[in-house]
$ cat query_14.txt   # compact mmCIF, C-alpha atoms
# COMPACT_ATOMS: atom_id res chain seq x y z
CA MET Q 184 67.49 -129.65 80.10
CA LEU Q 185 67.33 -131.27 83.58
CA PHE Q 186 68.90 -130.08 86.82
CA ILE Q 187 69.13 -132.46 89.78
CA LYS Q 188 69.93 -130.73 93.07
CA ASN Q 189 70.47 -131.50 96.77
CA GLY Q 190 71.22 -135.21 96.22
CA ARG Q 191 73.81 -137.50 97.77
CA ILE Q 192 75.60 -138.33 94.53
CA TYR Q 193 77.53 -141.57 94.13
CA THR Q 194 79.49 -140.71 91.00
CA MET Q 195 81.42 -144.02 91.06
CA ALA Q 196 84.32 -141.98 89.72
CA GLY Q 197 85.53 -140.39 92.97
CA GLU Q 198 84.19 -139.14 96.26
CA ILE Q 199 80.52 -139.07 97.18
CA ILE Q 200 79.16 -135.56 96.66
CA GLU Q 201 76.89 -134.39 99.46
CA ASN Q 202 74.14 -131.97 98.47
CA GLY Q 203 75.39 -132.20 94.92
CA SER Q 204 73.90 -131.21 91.59
CA ILE Q 205 73.88 -132.59 88.06
CA LEU Q 206 73.10 -130.62 84.90
CA ILE Q 207 71.85 -132.64 81.94
CA LYS Q 208 71.54 -131.40 78.38
CA ASP Q 209 70.87 -133.23 75.10
CA GLY Q 210 71.01 -136.61 76.83
CA LYS Q 211 74.49 -136.06 78.30
CA ILE Q 212 75.88 -134.99 81.66
CA LEU Q 213 77.00 -131.40 81.24
CA GLU Q 214 78.08 -130.60 84.82
CA VAL Q 215 78.31 -132.39 88.16
CA GLY Q 216 79.42 -130.98 91.51
CA LYS Q 217 78.47 -128.70 94.39
CA GLU Q 218 77.03 -125.19 94.29
CA LEU Q 219 75.93 -125.41 90.66
CA VAL Q 220 73.29 -122.95 89.49
CA ALA Q 221 70.23 -124.20 87.62
CA PRO Q 222 69.71 -122.58 84.21
CA LEU Q 223 66.42 -120.72 83.95
CA ASP Q 224 65.10 -123.08 81.28
CA ALA Q 225 65.98 -126.29 83.15
CA LYS Q 226 63.47 -128.66 84.73
CA VAL Q 227 64.58 -128.88 88.39
CA ILE Q 228 64.49 -132.19 90.27
CA ASP Q 229 64.93 -131.83 94.03
CA ALA Q 230 66.71 -134.93 95.34
CA GLU Q 231 66.98 -133.75 98.96
CA GLY Q 232 67.28 -136.72 101.29
CA LYS Q 233 67.77 -139.08 98.38
CA MET Q 234 70.65 -141.09 96.91
CA VAL Q 235 71.70 -140.59 93.29
CA PHE Q 236 73.55 -143.27 91.30
CA PRO Q 237 74.57 -143.93 87.73
CA GLY Q 238 72.07 -146.34 86.19
CA PHE Q 239 72.79 -149.92 87.15
CA ILE Q 240 74.34 -152.31 84.61
CA ASP Q 241 74.06 -156.08 84.24
CA ALA Q 242 77.00 -157.42 82.23
CA HIS Q 243 75.43 -160.81 81.44
CA SER Q 244 71.74 -161.32 80.79
CA HIS Q 245 69.27 -162.64 78.25
CA LEU Q 246 66.88 -159.71 78.50
CA GLY Q 247 64.27 -159.82 75.76
CA MET Q 248 65.49 -163.22 74.51
CA TRP Q 249 63.17 -165.23 76.75
CA GLU Q 250 59.94 -163.30 77.14
CA GLU Q 251 57.94 -163.37 80.34
CA GLY Q 252 55.27 -166.07 80.69
CA ILE Q 253 55.10 -167.05 77.02
CA GLY Q 254 56.96 -170.35 76.57
CA PHE Q 255 58.18 -171.48 73.15
CA GLU Q 256 56.85 -168.49 71.19
CA GLY Q 257 58.88 -166.12 73.35
CA SER Q 258 61.98 -168.32 73.58
CA ASP Q 259 64.60 -166.96 71.17
CA GLY Q 260 67.89 -167.48 73.00
CA ASN Q 261 69.14 -170.92 71.96
CA GLU Q 262 69.36 -172.35 68.43
CA MET Q 263 69.66 -175.93 69.65
CA VAL Q 264 70.30 -177.73 66.36
CA ASP Q 265 73.91 -176.75 65.71
CA PRO Q 266 76.57 -176.39 68.43
CA VAL Q 267 78.39 -173.72 66.39
CA THR Q 268 76.36 -170.56 65.70
CA PRO Q 269 78.72 -167.56 66.01
CA HIS Q 270 76.85 -165.67 63.28
CA LEU Q 271 73.70 -165.22 65.37
CA ARG Q 272 73.11 -161.68 66.64
CA ALA Q 273 71.22 -160.87 69.82
CA ILE Q 274 69.58 -157.82 68.28
CA ASP Q 275 67.60 -160.09 65.95
CA GLY Q 276 66.04 -161.92 68.91
CA ILE Q 277 65.39 -159.14 71.44
CA ASN Q 278 61.82 -157.97 72.02
CA PRO Q 279 61.93 -154.58 73.79
CA MET Q 280 58.16 -154.77 74.30
CA ASP Q 281 58.59 -157.53 76.88
CA MET Q 282 57.44 -156.44 80.36
CA SER Q 283 60.85 -157.25 81.87
CA PHE Q 284 62.29 -154.09 80.29
CA GLU Q 285 59.88 -151.84 82.16
CA GLU Q 286 60.52 -153.74 85.40
CA ALA Q 287 64.26 -153.29 84.84
CA TYR Q 288 64.30 -149.51 84.45
CA LYS Q 289 61.77 -149.06 87.24
CA GLY Q 290 64.23 -150.99 89.40
CA GLY Q 291 67.13 -148.75 88.42
CA VAL Q 292 68.76 -151.00 85.80
CA THR Q 293 69.38 -148.86 82.73
CA THR Q 294 71.85 -151.00 80.75
CA ALA Q 295 71.80 -154.73 80.00
CA VAL Q 296 74.34 -156.79 78.13
CA THR Q 297 72.15 -159.43 76.55
CA GLY Q 298 72.47 -162.29 74.12
CA PRO Q 299 72.21 -166.00 73.37
CA GLY Q 300 72.06 -168.71 76.01
CA SER Q 301 74.49 -171.51 76.74
CA ALA Q 302 73.08 -174.48 74.79
CA ASN Q 303 75.72 -174.21 72.08
CA VAL Q 304 79.50 -174.30 72.26
CA ILE Q 305 79.51 -171.03 70.32
CA GLY Q 306 76.17 -169.29 70.75
CA GLY Q 307 76.47 -165.96 68.98
CA MET Q 308 77.02 -162.25 69.58
CA PHE Q 309 75.87 -160.23 72.58
CA ALA Q 310 74.78 -156.59 72.53
CA ALA Q 311 74.88 -153.84 75.16
CA ILE Q 312 71.56 -152.00 75.17
CA LYS Q 313 69.55 -149.49 77.17
CA THR Q 314 66.51 -150.92 78.92
CA TYR Q 315 64.12 -148.23 77.66
CA GLY Q 316 62.78 -148.05 74.12
CA LYS Q 317 60.52 -149.65 71.56
CA ARG Q 318 63.02 -150.36 68.79
CA VAL Q 319 66.21 -152.21 69.66
CA ASP Q 320 68.17 -150.37 66.95
CA ASP Q 321 67.68 -147.15 68.92
CA MET Q 322 68.67 -148.74 72.24
CA ILE Q 323 72.11 -150.06 71.30
CA ILE Q 324 75.18 -148.86 73.15
CA LYS Q 325 77.56 -151.29 71.47
CA GLU Q 326 76.92 -154.22 69.13
CA PRO Q 327 78.45 -156.72 69.01
CA VAL Q 328 80.02 -156.54 72.44
CA ALA Q 329 81.10 -160.17 72.94
CA MET Q 330 80.96 -163.69 71.49
CA LYS Q 331 79.16 -166.19 73.70
CA VAL Q 332 80.81 -169.58 74.24
CA ALA Q 333 79.74 -172.22 76.73
CA PHE Q 334 81.56 -174.89 78.67
CA GLY Q 335 80.34 -177.68 80.89
CA GLU Q 336 76.93 -179.09 81.64
CA ASN Q 337 74.63 -177.13 79.34
CA PRO Q 338 76.01 -178.05 75.88
CA LYS Q 339 76.72 -181.58 77.17
CA ARG Q 340 73.08 -182.04 78.16
CA VAL Q 341 71.57 -180.44 75.04
CA TYR Q 342 73.57 -182.51 72.56
CA ASN Q 343 73.50 -185.71 74.58
CA ASP Q 344 69.71 -185.53 74.27
CA GLN Q 345 70.18 -185.30 70.49
CA LYS Q 346 72.77 -188.11 70.45
CA LYS Q 347 75.35 -185.91 68.73
CA SER Q 348 78.62 -184.21 69.62
CA PRO Q 349 79.50 -182.65 72.01
CA ILE Q 350 78.58 -184.90 74.92
CA THR Q 351 81.90 -184.51 76.77
CA ARG Q 352 83.98 -181.59 77.97
CA MET Q 353 86.75 -182.77 75.63
CA ALA Q 354 84.46 -182.37 72.63
CA ILE Q 355 83.31 -178.92 73.73
CA ALA Q 356 86.91 -177.73 73.88
CA ALA Q 357 87.79 -179.45 70.60
CA ILE Q 358 84.84 -177.91 68.74
CA LEU Q 359 85.76 -174.44 69.98
CA ARG Q 360 89.41 -174.92 69.03
CA GLU Q 361 88.49 -176.32 65.61
CA ASN Q 362 86.34 -173.34 64.73
CA LEU Q 363 88.79 -170.74 66.02
CA PHE Q 364 91.49 -172.43 63.91
CA LYS Q 365 89.20 -172.42 60.85
CA ALA Q 366 88.53 -168.74 61.41
CA LYS Q 367 92.27 -168.08 61.68
CA GLN Q 368 92.85 -169.84 58.35
CA TYR Q 369 89.93 -167.99 56.77
CA MET Q 370 91.32 -164.66 57.97
CA GLU Q 371 94.81 -165.49 56.67
CA LYS Q 372 93.43 -166.47 53.26
CA LYS Q 373 91.58 -163.17 53.03
CA GLU Q 374 94.72 -161.25 53.96
CA GLY Q 375 96.72 -163.17 51.35
CA ALA Q 376 94.12 -162.55 48.64
CA LYS Q 377 94.05 -158.76 48.95
CA ASP Q 378 96.00 -158.30 45.72
CA ASP Q 379 94.32 -161.20 43.94
CA PRO Q 380 90.53 -161.36 44.36
CA SER Q 381 90.46 -164.74 42.61
CA LYS Q 382 92.10 -166.27 45.69
CA MET Q 383 89.51 -164.87 48.09
CA PRO Q 384 87.82 -167.67 50.06
CA GLU Q 385 84.08 -168.18 49.66
CA TYR Q 386 82.17 -165.96 52.05
CA ASP Q 387 81.49 -167.70 55.36
CA MET Q 388 79.23 -165.84 57.81
CA LYS Q 389 80.33 -167.96 60.77
CA MET Q 390 84.01 -167.32 60.14
CA GLU Q 391 83.37 -163.62 59.56
CA ALA Q 392 81.84 -163.45 63.03
CA LEU Q 393 84.72 -165.32 64.66
CA GLU Q 394 87.21 -163.01 62.94
CA ARG Q 395 86.08 -160.28 65.34
CA VAL Q 396 87.27 -162.45 68.23
CA LEU Q 397 90.62 -163.26 66.64
CA ARG Q 398 91.21 -159.58 65.88
CA ARG Q 399 90.43 -158.87 69.56
CA GLU Q 400 87.59 -156.54 68.57
CA ILE Q 401 85.33 -158.42 71.00
CA PRO Q 402 86.08 -160.92 73.77
CA ILE Q 403 84.92 -164.47 74.26
CA LYS Q 404 82.13 -164.39 76.82
CA ALA Q 405 82.76 -167.71 78.52
CA HIS Q 406 79.89 -169.44 80.32
CA ALA Q 407 81.84 -171.45 82.92
CA HIS Q 408 80.69 -172.47 86.39
CA ARG Q 409 83.14 -175.16 87.49
CA ALA Q 410 86.81 -174.51 88.20
CA ASP Q 411 87.98 -176.99 85.54
CA ASP Q 412 85.77 -175.33 82.91
CA ILE Q 413 87.10 -171.91 83.88
CA PHE Q 414 90.66 -173.14 83.39
CA THR Q 415 89.76 -174.70 80.02
CA ALA Q 416 88.30 -171.40 78.87
CA LEU Q 417 91.48 -169.58 79.90
CA ARG Q 418 93.66 -172.22 78.24
CA ILE Q 419 91.95 -171.85 74.88
CA ALA Q 420 91.94 -168.05 75.09
CA LYS Q 421 95.71 -168.14 75.58
CA GLU Q 422 96.21 -170.59 72.71
CA PHE Q 423 94.51 -168.23 70.27
CA ASP Q 424 95.55 -164.96 71.96
CA VAL Q 425 91.97 -163.75 72.33
CA ASP Q 426 90.37 -161.67 75.06
CA ILE Q 427 87.97 -163.32 77.49
CA THR Q 428 85.58 -162.62 80.34
CA LEU Q 429 84.67 -165.33 82.85
CA ASP Q 430 80.89 -165.37 83.15
CA HIS Q 431 79.13 -167.04 86.09
CA CYS Q 432 82.45 -168.10 87.65
CA THR Q 433 80.51 -170.01 90.32
CA GLU Q 434 83.58 -171.79 91.68
CA GLY Q 435 85.79 -168.72 91.29
CA HIS Q 436 86.21 -168.47 95.07
CA LEU Q 437 87.92 -171.89 95.05
CA ILE Q 438 90.60 -170.69 92.61
CA ALA Q 439 90.68 -166.96 93.36
CA ASP Q 440 94.47 -166.73 93.62
CA TYR Q 441 94.89 -168.38 90.21
CA LEU Q 442 92.34 -166.07 88.59
CA ALA Q 443 94.01 -163.01 90.08
CA ARG Q 444 97.25 -164.00 88.37
CA GLU Q 445 95.43 -164.43 85.06
CA GLY Q 446 94.22 -160.81 85.22
CA LYS Q 447 90.82 -161.50 83.67
CA ALA Q 448 87.52 -160.13 84.95
CA ALA Q 449 84.74 -162.22 86.46
CA ILE Q 450 81.02 -161.62 85.98
CA VAL Q 451 79.62 -163.48 88.97
CA GLY Q 452 76.17 -165.04 89.29
CA PRO Q 453 73.35 -165.79 89.28
CA SER Q 454 73.67 -166.46 92.99
CA LEU Q 455 70.09 -165.78 94.10
CA THR Q 456 68.90 -169.13 92.79
CA GLU Q 457 68.71 -172.81 93.60
CA ARG Q 458 71.51 -175.31 92.96
CA SER Q 459 69.59 -176.67 90.00
CA LYS Q 460 72.44 -178.72 88.56
CA TYR Q 461 75.60 -180.43 89.72
CA GLU Q 462 78.02 -177.72 88.60
CA LEU Q 463 76.30 -175.25 90.96
CA LYS Q 464 76.99 -177.30 94.09
CA ASN Q 465 79.49 -174.71 95.38
CA LEU Q 466 77.19 -171.72 94.74
CA THR Q 467 77.65 -169.00 97.38
CA PHE Q 468 77.35 -165.24 97.79
CA ASP Q 469 80.89 -165.31 99.23
CA THR Q 470 82.32 -165.57 95.70
CA PRO Q 471 82.32 -161.82 94.85
CA ARG Q 472 84.07 -160.92 98.12
CA ILE Q 473 86.72 -163.62 97.82
CA LEU Q 474 87.48 -162.76 94.20
CA HIS Q 475 87.66 -159.04 94.95
CA GLU Q 476 89.96 -159.58 97.93
CA ALA Q 477 92.23 -161.67 95.70
CA GLY Q 478 92.47 -158.80 93.20
CA VAL Q 479 89.98 -159.90 90.53
CA LYS Q 480 87.75 -157.22 88.99
CA ILE Q 481 84.16 -158.34 89.48
CA ALA Q 482 80.69 -157.57 88.24
CA ILE Q 483 77.49 -159.10 89.59
CA THR Q 484 74.87 -160.57 87.27
CA THR Q 485 71.29 -161.77 87.54
CA ASP Q 486 71.59 -163.86 84.36
CA SER Q 487 68.07 -162.56 83.69
CA PRO Q 488 65.55 -164.15 83.33
CA VAL Q 489 67.08 -166.68 85.75
CA ILE Q 490 66.74 -163.88 88.30
CA PRO Q 491 64.59 -160.90 87.23
CA LEU Q 492 66.83 -158.04 86.13
CA HIS Q 493 65.31 -155.56 88.56
CA TYR Q 494 66.67 -157.68 91.44
CA LEU Q 495 70.24 -156.73 90.46
CA PRO Q 496 70.69 -154.33 93.44
CA ILE Q 497 69.34 -157.05 95.75
CA CYS Q 498 72.01 -159.43 94.45
CA ALA Q 499 74.65 -156.76 95.11
CA GLY Q 500 73.16 -156.29 98.57
CA LEU Q 501 73.42 -160.00 99.37
CA ALA Q 502 77.06 -159.97 98.25
CA HIS Q 503 77.57 -157.02 100.60
CA LYS Q 504 75.84 -158.97 103.38
CA SER Q 505 78.37 -161.76 102.73
CA GLY Q 506 81.25 -159.37 103.33
CA LEU Q 507 81.84 -157.51 100.08
CA ASP Q 508 82.58 -153.84 100.81
CA GLU Q 509 79.57 -151.58 100.18
CA MET Q 510 81.30 -149.42 97.57
CA GLU Q 511 82.70 -152.50 95.83
CA ALA Q 512 79.18 -153.95 95.70
CA LEU Q 513 77.98 -150.74 94.05
CA LYS Q 514 80.92 -150.78 91.64
CA ALA Q 515 79.98 -154.35 90.71
CA ILE Q 516 76.70 -153.09 89.22
CA THR Q 517 77.91 -149.76 87.81
CA ILE Q 518 81.44 -148.88 86.72
CA ASN Q 519 82.95 -152.38 86.86
CA PRO Q 520 80.55 -154.01 84.37
CA ALA Q 521 80.89 -150.95 82.13
CA GLN Q 522 84.68 -151.33 82.12
CA ILE Q 523 84.60 -155.11 81.72
CA VAL Q 524 82.28 -154.89 78.72
CA GLY Q 525 84.04 -151.86 77.20
CA ILE Q 526 81.22 -149.31 77.39
CA ASP Q 527 82.59 -147.15 80.23
CA ASP Q 528 83.09 -144.26 77.81
CA ARG Q 529 79.30 -143.86 77.90
CA VAL Q 530 77.88 -145.42 81.06
CA GLY Q 531 78.77 -146.68 84.53
CA SER Q 532 79.55 -143.40 86.31
CA ILE Q 533 78.25 -139.87 86.70
CA GLU Q 534 80.85 -137.85 84.81
CA VAL Q 535 80.79 -134.96 82.37
CA GLY Q 536 80.25 -136.14 78.81
CA LYS Q 537 78.70 -139.49 79.66
CA ASP Q 538 75.15 -140.58 78.89
CA ALA Q 539 72.68 -139.14 81.38
CA ASP Q 540 71.58 -142.50 82.76
CA ILE Q 541 70.79 -141.74 86.38
CA VAL Q 542 68.67 -143.39 89.04
CA ILE Q 543 67.46 -141.75 92.25
CA PHE Q 544 66.43 -143.82 95.29
CA ASP Q 545 64.77 -142.80 98.53
CA GLY Q 546 67.26 -145.01 100.40
CA ASN Q 547 70.21 -147.32 99.87
CA PRO Q 548 69.11 -150.00 97.38
CA ILE Q 549 71.75 -152.54 98.39
CA LYS Q 550 71.19 -152.17 102.14
CA ASP Q 551 67.48 -151.51 102.48
CA ILE Q 552 65.07 -153.78 100.64
CA GLN Q 553 62.24 -151.38 101.55
CA CYS Q 554 63.74 -148.44 99.65
CA LYS Q 555 62.10 -147.44 96.39
CA THR Q 556 63.16 -146.00 93.08
CA TYR Q 557 62.17 -142.35 93.05
CA MET Q 558 63.16 -141.64 89.45
CA THR Q 559 64.94 -143.24 86.50
CA ILE Q 560 66.54 -141.11 83.79
CA ILE Q 561 67.87 -142.67 80.57
CA ASP Q 562 69.62 -140.59 77.90
CA GLY Q 563 68.45 -137.47 79.74
CA GLU Q 564 64.78 -138.46 79.62
CA ILE Q 565 62.72 -139.16 82.71
CA VAL Q 566 61.39 -142.64 81.91
CA TYR Q 567 59.98 -143.40 85.37
CA LYS Q 568 58.89 -141.37 88.38
CA ASN Q 569 57.41 -142.95 91.47
CA SER Q 570 54.39 -140.82 92.22

$ encode --input "query_14.txt" --output "structure tokens"
Amino acid sequence: MLFIKNGRIYTMAGEIIENGSILIKDGKILEVGKELVAPLDAKVIDAEGKMVFPGFIDAHSHLGMWEEGIGFEGSDGNEMVDPVTPHLRAIDGINPMDMSFEEAYKGGVTTAVTGPGSANVIGGMFAAIKTYGKRVDDMIIKEPVAMKVAFGENPKRVYNDQKKSPITRMAIAAILRENLFKAKQYMEKKEGAKDDPSKMPEYDMKMEALERVLRREIPIKAHAHRADDIFTALRIAKEFDVDITLDHCTEGHLIADYLAREGKAAIVGPSLTERSKYELKNLTFDTPRILHEAGVKIAITTDSPVIPLHYLPICAGLAHKSGLDEMEALKAITINPAQIVGIDDRVGSIEVGKDADIVIFDGNPIKDIQCKTYMTIIDGEIVYKNS
């Protein structure tokens, strides 16, 4: 049992609690508020003069899929021989022993949504995991959490190099449509064969995976930087009546009013990077502010390892520097990504019943680059303390 006292608590579910306390038991938040009394058997953590937040969340990363400083042996994020690989599962490629996990939780990031890269039109299934642990099976919050699809320059470049389709945006869209339609037919055949097993279609692992999208169990996680690619992603999602998140959304600020009318969330970034390809020419930290002001729910991403995951609060800070309201910047790395991904029943805010994922800083991590993590707690366990 842990008892945090005297902290400035940013619950992300209401008002800031000055000199507040949090009681943690069996990995969950049992109480939060003012004037709480520490049980006699609780370990007391004095957070006087410190700021207390729910653990930070990155809604789009490749944590553990590309290991630090290894090269090919540690590169497990893109199966670049087939543009359609919906059956791949992130949990089979994640290495929790990679040093980037420790850096993440020491930096206050306690949850990462991680999965395949953007080489393929359909890349595979993402997972939401905690950043602390040795066995990925024990770290899962939700799996699968989304189906990765990619538009634009990345699949074009990968398959142009192989002299095979897709090498145009038309082909990318057509391949996605074709496979969603096949999955729809596969699903309908299964439904029709319930009373006659002899009519059951031959098992198809790819179609089984895409069924989850068509049943709206998980959304399409659409890698789309350019405005035209964003609109193509939305067009196809409407055609098949599937849910979608707009990941990267680099040119979202150019079409913010349109996206607000669509009512879909944007996971923005990575912005703390170079304009390494043509479709990033309009990259700016103004994007989160403009989208938020238009009424779009936003999260901020590092796209780790593009930007190291522990720089997530710095990315939020730079968005704040570009005009995004301070609390909205904090929401963009806490409750908003949790809601967008569909894991807010467990993480994203400091509320009774939620996982005890809490990070304590000696200053404001999005306003003061000099501030340090004092303590990180995941599932009620102190996993890091700055001595």

$ atom_distance --input "query_14.txt" --atom1 "atom CA of Ile483 of chain Q" --atom2 "atom CA of Ala515 of chain Q"
5.5 Å

$ closest_atom_pairs --input "query_14.txt" --of "segment 220-322 of chain Q" --to "segment 395-411 of chain Q" --cutoff "12 Å" --atoms "only C-alpha atoms" --output "CSV"
residue,atom,partner,partner_atom,distance
Q:Ala242,CA,Q:Lys404,CA,10.2
Q:His243,CA,Q:Lys404,CA,8.9
Q:Ser244,CA,Q:His406,CA,11.5
Q:Pro269,CA,Q:Val396,CA,10.2
Q:His270,CA,Q:Arg395,CA,10.9
Q:Val296,CA,Q:Lys404,CA,11.0
Q:Thr297,CA,Q:Lys404,CA,11.1
Q:Gly298,CA,Q:Lys404,CA,10.2
Q:Pro299,CA,Q:Lys404,CA,10.6
Q:Gly300,CA,Q:His406,CA,9.0
Q:Ser301,CA,Q:His406,CA,6.8
Q:Ala302,CA,Q:His406,CA,10.1
Q:Asn303,CA,Q:His406,CA,10.4
Q:Val304,CA,Q:His406,CA,9.4
Q:Ile305,CA,Q:Ile403,CA,9.4
Q:Gly306,CA,Q:Lys404,CA,9.8
Q:Gly307,CA,Q:Lys404,CA,9.8
Q:Met308,CA,Q:Lys404,CA,9.1
Q:Phe309,CA,Q:Lys404,CA,8.6
Q:Ala310,CA,Q:Ile401,CA,10.8

$ residues_around --input "query_14.txt" --residues "segment 351-360 of chain Q" --least-positions-apart "2" --cutoff "7 Å" --atoms "all atoms listed in the file" --output "VMD selection string"
chain Q and resid 304 334 to 335 339 348 to 349 362 to 364

$ atom_distance --input "query_14.txt" --atom1 "atom CA of Ile350 of chain Q" --atom2 "atom CA of Lys389 of chain Q"
22.1 Å

$ closest_residue --input "query_14.txt" --among "Q:Ile192, Q:Ile324, Q:Ile490, Q:Val341" --to "Glu262 of chain Q" --atoms "all atoms listed in the file"
Q:Val341

$ atom_distance --input "query_14.txt" --atom1 "atom CA of Ala439 of chain Q" --atom2 "atom CA of Ala477 of chain Q"
6.0 Å

$ closest_residue --input "query_14.txt" --among "Q:Arg272, Q:Arg529, Q:Lys555, Q:Lys188" --to "Lys226 of chain Q" --atoms "only C-alpha atoms"
Q:Lys188

$ residues_around --input "query_14.txt" --residues "segment 232-238 of chain Q" --least-positions-apart "3" --cutoff "6 Å" --atoms "all atoms listed in the file" --output "list in words"
Gly190, Arg191, Ile192, Tyr193, Gly291, Val292, Thr293, Gly531, Ser532, Ile533, Asp540, Ile541, Val542, Ile543, Phe544 and Asp545 of chain Q

$ closest_residue --input "query_14.txt" --among "Q:Asp387, Q:Asp424, Q:Asp551, Q:Asp241" --to "Ile481 of chain Q" --atoms "all atoms listed in the file"
Q:Asp241

$ closest_residue --input "query_14.txt" --among "Q:Asn519, Q:Thr484, Q:Asn569, Q:Thr268" --to "His245 of chain Q" --atoms "all atoms listed in the file"
Q:Thr484

$ closest_residue --input "query_14.txt" --among "Q:Gln553, Q:Met322, Q:Ala443, Q:Glu534" --to "Glu198 of chain Q" --atoms "only C-alpha atoms"
Q:Glu534

$ closest_residue --input "query_14.txt" --among "Q:Glu422, Q:Glu256, Q:Tyr557, Q:Glu509" --to "Ser570 of chain Q" --atoms "all atoms listed in the file"
Q:Tyr557

$ residues_around --input "query_14.txt" --residues "Phe186 of chain Q" --least-positions-apart "6" --cutoff "12 Å" --atoms "only C-alpha atoms" --output "ChimeraX atom specification"
/Q:203-208,211-216,219-230,539,541,560,563-565

$ decode --input "query_14.txt" --residues "segment 554-566 of chain Q" --atoms "N, CA, C and O atoms" --output "compact mmCIF listing (two decimals), in the first residue's frame"
# COMPACT_ATOMS: atom_id res chain seq x y z
N CYS Q 554 13.51 20.38 -15.19
CA CYS Q 554 12.87 19.60 -14.13
C CYS Q 554 13.14 18.11 -14.32
O CYS Q 554 13.38 17.65 -15.43
N LYS Q 555 13.08 17.37 -13.22
CA LYS Q 555 13.44 15.96 -13.25
C LYS Q 555 12.29 15.11 -12.71
O LYS Q 555 11.50 15.54 -11.88
N THR Q 556 12.27 13.88 -13.19
CA THR Q 556 11.34 12.90 -12.63
C THR Q 556 11.81 12.54 -11.23
O THR Q 556 12.96 12.12 -11.05
N TYR Q 557 10.92 12.71 -10.27
CA TYR Q 557 11.25 12.31 -8.90
C TYR Q 557 10.93 10.83 -8.68
O TYR Q 557 11.71 10.10 -8.08
N MET Q 558 9.78 10.40 -9.21
CA MET Q 558 9.36 9.02 -9.00
C MET Q 558 8.37 8.60 -10.08
O MET Q 558 7.54 9.39 -10.53
N THR Q 559 8.49 7.34 -10.51
CA THR Q 559 7.51 6.74 -11.42
C THR Q 559 6.92 5.51 -10.75
O THR Q 559 7.64 4.64 -10.26
N ILE Q 560 5.59 5.45 -10.76
CA ILE Q 560 4.85 4.33 -10.18
C ILE Q 560 4.01 3.70 -11.30
O ILE Q 560 3.27 4.41 -11.98
N ILE Q 561 4.15 2.40 -11.50
CA ILE Q 561 3.35 1.68 -12.49
C ILE Q 561 2.68 0.49 -11.81
O ILE Q 561 3.33 -0.31 -11.13
N ASP Q 562 1.36 0.41 -11.97
CA ASP Q 562 0.57 -0.65 -11.33
C ASP Q 562 0.84 -0.69 -9.82
O ASP Q 562 0.91 -1.77 -9.21
N GLY Q 563 1.00 0.48 -9.22
CA GLY Q 563 1.18 0.56 -7.78
C GLY Q 563 2.57 0.23 -7.30
O GLY Q 563 2.82 0.21 -6.07
N GLU Q 564 3.50 -0.01 -8.21
CA GLU Q 564 4.87 -0.36 -7.83
C GLU Q 564 5.81 0.79 -8.18
O GLU Q 564 5.75 1.34 -9.29
N ILE Q 565 6.66 1.15 -7.24
CA ILE Q 565 7.66 2.18 -7.52
C ILE Q 565 8.72 1.55 -8.42
O ILE Q 565 9.50 0.70 -7.98
N VAL Q 566 8.75 1.98 -9.69
CA VAL Q 566 9.70 1.39 -10.64
C VAL Q 566 10.92 2.28 -10.84
O VAL Q 566 11.93 1.85 -11.40
